[in-house]
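**Student:** Below is the file start-v6.txt, with compact mmCIF, C-alpha atoms.
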# COMPACT_ATOMS: atom_id res chain seq x y z
CA MET A 1 -5.30 -16.46 -0.86
CA LEU A 2 -3.13 -14.32 1.40
CA LYS A 3 -0.79 -17.14 2.33
CA ASN A 4 1.25 -15.18 4.88
CA ILE A 5 1.00 -11.59 6.10
CA LEU A 6 4.00 -10.05 7.83
CA ILE A 7 3.25 -7.07 10.08
CA ALA A 8 6.29 -5.08 11.12
CA THR A 9 5.63 -3.25 14.39
CA ASP A 10 7.89 -0.76 16.14
CA LEU A 11 5.57 -0.93 19.19
CA GLN A 12 5.37 2.86 19.24
CA GLU A 13 2.37 5.11 19.75
CA LYS A 14 0.71 4.75 16.33
CA SER A 15 1.53 1.09 15.71
CA ASP A 16 -1.98 0.02 16.76
CA GLU A 17 -3.33 1.72 13.63
CA MET A 18 -1.19 -0.64 11.58
CA VAL A 19 -2.49 -3.67 13.49
CA ASP A 20 -6.08 -2.46 13.05
CA SER A 21 -5.51 -2.22 9.29
CA LEU A 22 -5.86 -6.01 9.06
CA SER A 23 -9.61 -5.47 9.42
CA VAL A 24 -9.58 -4.91 5.64
CA PHE A 25 -9.03 -8.66 5.21
CA ILE A 26 -11.57 -9.98 7.72
CA GLY A 27 -13.47 -12.73 5.95
CA CYS A 28 -10.67 -13.40 3.48
CA SER A 29 -8.70 -16.63 3.35
CA VAL A 30 -5.51 -15.81 5.24
CA GLY A 31 -2.95 -18.46 6.15
CA GLN A 32 -0.73 -17.01 8.86
CA VAL A 33 -0.13 -13.55 10.32
CA ARG A 34 3.29 -12.97 11.83
CA LEU A 35 3.88 -9.89 13.97
CA ILE A 36 7.58 -9.05 13.82
CA HIS A 37 9.57 -6.61 15.93
CA VAL A 38 13.18 -5.79 15.06
CA ILE A 39 15.56 -4.58 17.76
CA ASP A 40 17.57 -1.92 15.95
CA GLU A 41 21.21 -2.85 16.48
CA ARG A 42 22.28 0.68 15.47
CA ILE A 43 20.72 2.22 18.59
CA SER A 44 20.46 -0.64 21.09
CA LYS A 45 22.98 -3.13 22.43
CA ARG A 46 20.26 -5.35 23.85
CA LYS A 47 19.82 -8.80 22.33
CA GLU A 48 16.50 -9.45 24.03
CA ILE A 49 13.30 -7.45 23.85
CA GLU A 50 12.50 -5.17 26.80
CA PRO A 51 9.88 -6.71 29.13
CA TYR A 52 7.43 -3.83 28.57
CA ASN A 53 7.86 -4.17 24.80
CA LYS A 54 7.26 -7.91 25.05
CA ASP A 55 3.95 -7.20 26.79
CA GLU A 56 3.03 -4.70 24.10
CA LEU A 57 3.86 -7.19 21.36
CA GLU A 58 1.65 -9.82 22.96
CA ARG A 59 -1.16 -7.28 23.38
CA GLN A 60 -1.06 -6.44 19.65
CA ALA A 61 -1.01 -10.14 18.77
CA LYS A 62 -4.19 -10.64 20.81
CA ILE A 63 -5.89 -7.84 18.86
CA ILE A 64 -5.11 -9.68 15.62
CA GLN A 65 -6.25 -13.01 17.05
CA LYS A 66 -9.59 -11.48 18.02
CA MET A 67 -10.07 -10.60 14.33
CA GLY A 68 -9.95 -14.32 13.60
CA PHE A 69 -6.43 -14.65 12.21
CA ASN A 70 -3.88 -17.35 13.08
CA THR A 71 -1.18 -15.21 14.70
CA GLU A 72 2.35 -15.57 16.02
CA THR A 73 5.05 -13.15 17.18
CA TRP A 74 8.68 -12.94 16.13
CA VAL A 75 11.55 -10.88 17.56
CA THR A 76 14.88 -10.43 15.83
CA ARG A 77 17.84 -8.06 15.87
CA GLY A 78 19.46 -6.11 13.05
CA ILE A 79 18.77 -3.16 10.78
CA PRO A 80 14.95 -2.98 10.65
CA PHE A 81 14.25 -2.54 6.93
CA ASP A 82 16.82 -5.19 6.01
CA GLU A 83 15.46 -7.70 8.53
CA ILE A 84 11.84 -7.06 7.49
CA ILE A 85 12.49 -7.60 3.78
CA HIS A 86 14.71 -10.65 4.21
CA HIS A 87 12.38 -12.22 6.75
CA ALA A 88 9.39 -11.68 4.46
CA GLN A 89 11.18 -13.33 1.55
CA SER A 90 12.55 -16.29 3.50
CA TRP A 91 9.26 -16.89 5.34
CA GLY A 92 7.21 -16.70 2.16
CA ALA A 93 5.11 -13.63 2.94
CA THR A 94 2.64 -12.49 0.29
CA LEU A 95 2.07 -9.07 1.89
CA ILE A 96 3.94 -6.77 4.26
CA VAL A 97 2.12 -4.29 6.48
CA VAL A 98 4.11 -1.36 7.88
CA GLY A 99 3.21 1.76 9.82
CA ALA A 100 4.20 5.30 9.01
CA GLY A 101 7.02 5.21 11.51
CA LYS A 102 8.71 8.33 12.82
CA ALA A 103 11.10 10.36 10.71
CA PRO A 104 14.13 11.97 12.34
CA GLU A 105 13.74 15.72 12.90
CA TRP A 106 16.38 16.49 10.29
CA VAL A 107 14.52 14.62 7.56
CA SER A 108 11.79 16.50 5.68
CA SER A 109 9.66 13.40 5.47
CA TRP A 110 6.34 12.26 6.89
CA MET A 111 7.54 8.70 7.21
CA GLY A 112 10.31 6.90 8.99
CA SER A 113 13.29 5.66 7.00
CA THR A 114 12.41 2.01 7.67
CA THR A 115 9.04 2.29 5.92
CA LEU A 116 10.51 4.18 2.99
CA ARG A 117 13.30 1.65 2.50
CA VAL A 118 10.85 -1.26 2.64
CA LEU A 119 8.74 0.45 -0.04
CA GLU A 120 11.76 1.11 -2.23
CA LEU A 121 13.43 -2.30 -1.98
CA CYS A 122 10.77 -4.90 -1.27
CA PRO A 123 9.64 -7.14 -4.18
CA LEU A 124 6.33 -7.83 -2.39
CA PRO A 125 3.13 -5.80 -2.06
CA VAL A 126 3.38 -3.39 0.87
CA MET A 127 0.46 -1.82 2.71
CA THR A 128 1.18 1.35 4.64
CA THR A 129 -1.06 2.92 7.26
CA PRO A 130 -1.75 6.66 7.34
CA SER A 131 0.94 9.03 8.56
CA VAL A 132 -1.85 11.45 9.46
CA HIS A 133 -4.86 10.49 11.57
CA PRO A 134 -7.59 9.25 9.23
CA GLY A 135 -11.23 10.20 9.32
CA THR A 136 -13.95 7.58 9.53
CA PRO A 137 -13.45 5.47 6.39
CA SER A 138 -16.32 3.77 4.63
CA GLN A 139 -15.75 0.14 5.60
CA GLY A 140 -14.74 -1.97 2.63
CA GLU A 141 -14.51 0.83 0.06
CA VAL A 142 -11.43 0.41 -2.13
CA MET A 143 -10.02 2.88 -4.64
CA MET A 144 -7.79 1.71 -7.50
CA ALA A 145 -5.58 4.28 -9.23
CA MET A 146 -5.19 3.27 -12.88
CA ASP A 147 -2.76 4.83 -15.38
CA PHE A 148 -3.00 1.98 -17.94
CA SER A 149 0.64 0.97 -17.52
CA ASP A 150 1.69 -2.68 -17.23
CA ASN A 151 2.42 -1.97 -13.57
CA ALA A 152 -1.13 -0.73 -12.96
CA PHE A 153 -2.77 -3.66 -14.78
CA PHE A 154 -0.64 -6.08 -12.76
CA ALA A 155 -1.70 -4.33 -9.53
CA PHE A 156 -5.35 -4.60 -10.59
CA GLN A 157 -5.06 -8.35 -11.16
CA GLN A 158 -3.38 -8.71 -7.77
CA LEU A 159 -6.29 -6.81 -6.23
CA LEU A 160 -8.80 -9.18 -7.83
CA ASP A 161 -6.80 -12.20 -6.63
CA LEU A 162 -6.68 -10.72 -3.14
CA PHE A 163 -10.46 -10.54 -2.81
CA ARG A 164 -11.48 -13.35 -5.15
CA ASN A 165 -12.45 -15.62 -2.25
CA CYS A 166 -14.00 -12.83 -0.18
CA PRO A 167 -15.52 -10.31 -2.63
CA THR A 168 -18.11 -9.12 -0.12
CA SER A 169 -15.26 -7.63 1.93
CA VAL A 170 -15.20 -4.91 -0.73
CA THR A 171 -18.45 -2.97 -0.50
CA LYS A 172 -17.45 -0.69 -3.37
CA LEU A 173 -14.56 -0.52 -5.85
CA THR A 174 -13.78 2.82 -7.49
CA LEU A 175 -11.51 2.81 -10.55
CA ILE A 176 -9.99 6.20 -11.16
CA HIS A 177 -7.83 7.55 -13.96
CA VAL A 178 -6.38 11.07 -13.81
CA HIS A 179 -5.41 12.76 -17.05
CA GLU A 180 -2.26 14.79 -16.59
CA SER A 181 -3.16 18.43 -17.37
CA LYS A 182 0.15 19.18 -19.09
CA ASN A 183 -0.25 16.14 -21.36
CA ILE A 184 -3.71 17.30 -22.44
CA ASP A 185 -2.37 20.79 -23.12
CA LEU A 186 0.46 19.30 -25.19
CA LEU A 187 -1.91 17.13 -27.23
CA LEU A 188 -4.10 20.11 -28.02
CA LYS A 189 -1.16 21.66 -29.86
CA PHE A 190 -1.13 18.79 -32.36
CA VAL A 191 -4.65 17.33 -32.50
CA ASP A 192 -8.14 18.73 -32.10
CA LYS A 193 -10.42 18.08 -29.14
CA ILE A 194 -12.45 15.48 -31.07
CA HIS A 195 -9.42 13.17 -31.26
CA ILE A 196 -8.68 13.67 -27.58
CA ASN A 197 -12.28 12.80 -26.72
CA ALA A 198 -11.92 9.62 -28.77
CA ILE A 199 -8.87 8.62 -26.71
CA VAL A 200 -10.77 9.36 -23.50
CA GLU A 201 -13.62 7.10 -24.60
CA ILE A 202 -11.17 4.27 -25.29
CA GLU A 203 -9.78 4.69 -21.78
CA ARG A 204 -13.31 4.75 -20.37
CA SER A 205 -14.12 1.48 -22.13
CA ARG A 206 -11.00 -0.07 -20.58
CA LEU A 207 -12.14 0.99 -17.12
CA GLN A 208 -15.62 -0.39 -17.81
CA LYS A 209 -14.10 -3.72 -18.80
CA MET A 210 -12.09 -3.76 -15.56
CA ALA A 211 -15.21 -2.90 -13.55
CA GLN A 212 -16.95 -5.87 -15.16
CA GLU A 213 -14.04 -8.14 -14.18
CA ALA A 214 -14.52 -6.99 -10.59
CA ARG A 215 -18.26 -7.69 -10.74
CA ASP A 216 -17.54 -11.13 -12.23
CA ILE A 217 -15.67 -12.16 -9.05
CA GLY A 218 -18.50 -10.90 -6.86
CA ILE A 219 -17.69 -7.24 -6.10
CA ALA A 220 -21.20 -5.91 -6.59
CA SER A 221 -20.67 -2.14 -6.52
CA THR A 222 -18.19 -0.47 -8.89
CA GLU A 223 -17.67 3.11 -9.99
CA ILE A 224 -15.53 4.77 -12.66
CA LEU A 225 -14.01 8.23 -12.23
CA MET A 226 -12.02 10.15 -14.83
CA GLU A 227 -10.47 13.43 -13.72
CA THR A 228 -8.01 15.97 -15.09
CA GLY A 229 -5.22 17.56 -13.08
CA LYS A 230 -1.96 16.66 -11.40
CA PRO A 231 -2.38 12.93 -10.60
CA VAL A 232 -1.00 12.90 -7.06
CA ASP A 233 -2.84 16.03 -5.96
CA LYS A 234 -6.09 14.89 -7.55
CA LEU A 235 -5.87 11.43 -5.96
CA LEU A 236 -5.19 12.95 -2.53
CA GLU A 237 -8.14 15.29 -3.01
CA ILE A 238 -10.47 12.39 -3.88
CA ILE A 239 -9.20 10.31 -0.94
CA GLU A 240 -9.94 13.19 1.43
CA ARG A 241 -13.41 13.57 -0.06
CA THR A 242 -14.46 9.91 -0.20
CA GLN A 243 -12.41 8.40 2.67
CA PRO A 244 -11.90 4.90 1.19
CA THR A 245 -10.68 2.08 3.40
CA MET A 246 -7.73 1.45 1.09
CA THR A 247 -6.15 2.82 -2.08
CA VAL A 248 -4.30 0.45 -4.42
CA LEU A 249 -1.76 1.36 -7.07
CA GLY A 250 1.11 -0.14 -8.99
CA ALA A 251 4.65 0.94 -8.20
CA GLN A 252 6.22 2.33 -11.34
CA GLY A 253 9.83 2.00 -10.30
CA GLN A 254 10.95 4.43 -13.00
CA GLY A 255 12.03 7.35 -10.88
CA ALA A 256 15.37 8.93 -11.71
CA SER A 257 16.56 9.17 -8.12
CA GLU A 258 17.01 6.61 -5.36
CA ARG A 259 14.05 8.10 -3.52
CA TYR A 260 11.61 7.51 -6.37
CA ARG A 261 12.37 3.91 -7.28
CA ILE A 262 8.75 3.01 -6.53
CA GLY A 263 7.49 5.97 -8.57
CA LYS A 264 6.69 9.46 -7.38
CA THR A 265 2.93 8.85 -7.16
CA ALA A 266 3.27 5.79 -4.93
CA TYR A 267 5.93 7.55 -2.86
CA ARG A 268 3.73 10.57 -2.13
CA LEU A 269 0.46 8.69 -1.64
CA SER A 270 2.08 6.32 0.84
CA GLN A 271 3.20 9.29 2.90
CA LEU A 272 0.30 11.72 2.57
CA ALA A 273 -2.91 9.74 2.01
CA SER A 274 -5.35 9.60 4.93
CA CYS A 275 -6.15 5.95 4.21
CA ARG A 276 -4.25 2.70 3.88
CA VAL A 277 -2.21 2.48 0.69
CA LEU A 278 -1.38 -0.85 -0.94
CA THR A 279 1.59 -0.47 -3.28
CA VAL A 280 2.06 -3.40 -5.63
CA PRO A 281 5.48 -3.62 -7.31
CA PHE A 282 5.92 -5.15 -10.73
CA PRO A 283 7.61 -8.56 -10.29
CA HIS A 284 11.34 -8.20 -9.80
CA LYS A 285 14.12 -10.03 -8.09
CA GLY A 286 14.29 -9.35 -4.37
CA LEU A 287 17.31 -8.93 -2.13
CA PRO A 288 19.60 -11.96 -1.69
CA ILE A 289 18.36 -14.12 1.17
What's the structure tokens form of this structure?

**Tutor:**
Amino acid sequence: MLKNILIATDLQEKSDEMVDSLSVFIGCSVGQVRLIHVIDERISKRKEIEPYNKDELERQAKIIQKMGFNTETWVTRGIPFDEIIHHAQSWGATLIVVGAGKAPEWVSSWMGSTTLRVLELCPLPVMTTPSVHPGTPSQGEVMMAMDFSDNAFFAFQQLLDLFRNCPTSVTKLTLIHVHESKNIDLLLKFVDKIHINAIVEIERSRLQKMAQEARDIGIASTEILMETGKPVDKLLEIIERTQPTMTVLGAQGQGASERYRIGKTAYRLSQLASCRVLTVPFPHKGLPI
């Protein structure tokens, strides 16, 4: 059950796309949806929300209510990413939804700093909406990127738990594993192709077992894809081709720099994918509340 969903809205032009993203969970057992707006104390001295922004907040709340969710609004003041994460933790959110935001002109980024900081620091699953205008996604089609790490297996189990009580919300689940080209080339220097094919078949059997787990909870249609190439580029290519409703992946959190604490793949997909991206972090201690 999605006990509580926190949607962080900046009330700007593309924030409706983020609100509309809740359609993924129509039919699922959701406790409460809270629509939060943070007045950025770094750029505004106001303590109360502007009247026109209050109207916009209420309008977005009505959109969510029409989807059938129990909805409330919340306005606070502070540094947005900090307030969003702390509020989610103290309120008991099980998922945070954020939009792409708007990056400053001097930042070579497709996303605003608030969204990136939430992705990097939040101990909860975070769903981002596209930073580019999406096509017409196939309703209910979900793609799961699997690299066979503990992080990815954890994300897969979270995905199953998410839709366990509403499996028909997922019309199709595609499990995809991308073999890194440079790793295959390196292996070929030490072992022959027969041994590599044997490894591939083991990986395929793992994906088949996962597909069966999905069917066991009621997701009727599953597909397995195994590709070779650069993982991020290949995943983006497949997303453009198939237009899933949502892509799910585990956050690796092994990047060397501050920017890649969620893993380079999750970082790039969240910014560049033309569909919603659900990034599931491996359990870790959150920020002090």

**Student:** Need the shell around Val19 (chain A): protein/DNA/RNA residues with any atom at most 10 Å away, counting all atoms listed in the file. Skip same-chain ones fewer than 4 positions apart. Format as a PyMOL selection string?

**Tutor:** chain A and resi 7-9+14-15+23+35+60-61+63-64+97-99+129

**Student:** Can you pull out the residues contacting Gly68 (chain A)? Cut-off 12 Å, using only C-alpha atoms, and skip same-chain residues under 4 positions away; I want them as a ChimeraX atom specification.

**Tutor:** /A:22-23,25-33,61-64

**Student:** Between A:Met67, A:Leu160, A:Val277, A:Val232, which has the minimum distance to Ile219 (chain A) (counting all atoms listed in the file)?

**Tutor:**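 That would be A:Leu160, the residue with the smallest distance to Ile219 (chain A).
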
**Student:** Which one is closest to Asn165 (chain A): A:Ile79, A:Lys45, A:Leu2, A:Val38? Count only C-alpha atoms.

**Tutor:**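 Ranked by minimum distance to Asn165 (chain A), first place goes to A:Leu2.
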
**Student:** Between A:His179, A:Lys193, A:Lys172, A:Lys234, which has the minimum distance to Gly218 (chain A) (counting only C-alpha atoms)?

**Tutor:**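 Among the listed residues, A:Lys172 lies closest to Gly218 (chain A).
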
**Student:** Compile the contact shell of Leu278 (chain A) as a PyMOL selection string: residues with an atom at most 9 Å away, counting all atoms listed in the file, same-chain residues fewer than 2 positions apart removed.

**Tutor:** chain A and resi 97+125-128+246-250+270+276+280

**Student:** Mind pulling up the distance from CA of Lys66 (chain A) to CA of Val170 (chain A)?

**Tutor:**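 Between CA of Val170 (chain A) and CA of Lys66 (chain A) the gap works out to 20.6 Å.
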
**Student:** Counting only C-alpha atoms, figure out which residue out of A:Thr168, A:Met144, A:Gly263, A:Leu162 gets nearest to Met226 (chain A).

**Tutor:**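 Distance minimum relative to Met226 (chain A) lands on A:Met144.
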
**Student:** What does the structure give for the distance between CA of Leu207 (chain A) and CA of Phe156 (chain A), in Å to one decimal?

**Tutor:**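 These two atoms are separated by 11.0 Å.
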
**Student:** Using only C-alpha atoms for the distances, tell me which of A:Thr222, A:Met146, A:Phe282, A:Ala273 is nearest to Arg241 (chain A).

**Tutor:**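 Distance minimum relative to Arg241 (chain A) lands on A:Ala273.
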
**Student:** Measuring between only C-alpha atoms, which one of A:Ile202, A:Ile176, A:Ile36, A:Val142 shows the shortest distance to Ile85 (chain A)?

**Tutor:**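 Looking at the shortest contact to Ile85 (chain A), the residue is A:Ile36.
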
**Student:** List the neighbours of Gly140 (chain A) out to 6 Å using only C-alpha atoms; skip same-chain residues closer than 4 positions along the sequence, and give me the result as a PyMOL selection string.

**Tutor:** chain A and resi 169-171+245

**Student:** Would you save the residues of that selection, restricted to C-alpha atoms, as a tab-separated table (two decimals), keeping the file's coordinate frame?

**Tutor:**
chain	number	residue	atom	x	y	z
A	169	SER	CA	-15.26	-7.63	1.93
A	170	VAL	CA	-15.20	-4.91	-0.73
A	171	THR	CA	-18.45	-2.97	-0.50
A	245	THR	CA	-10.68	2.08	3.40

**Student:** Find the residues near Glu48 (chain A): any atom within 12 Å, counting all atoms listed in the file, skip ones fewer than 2 places away on the same chain, and give them as a PyMOL selection string.

**Tutor:** chain A and resi 37-41+44-46+50-54+74-78

**Student:** Take CA of Ile238 (chain A) and CA of Leu119 (chain A) and report the distance between them in Å, one decimal.

**Tutor:**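 Computed distance, CA of Ile238 (chain A) to CA of Leu119 (chain A), equals 22.9 Å.
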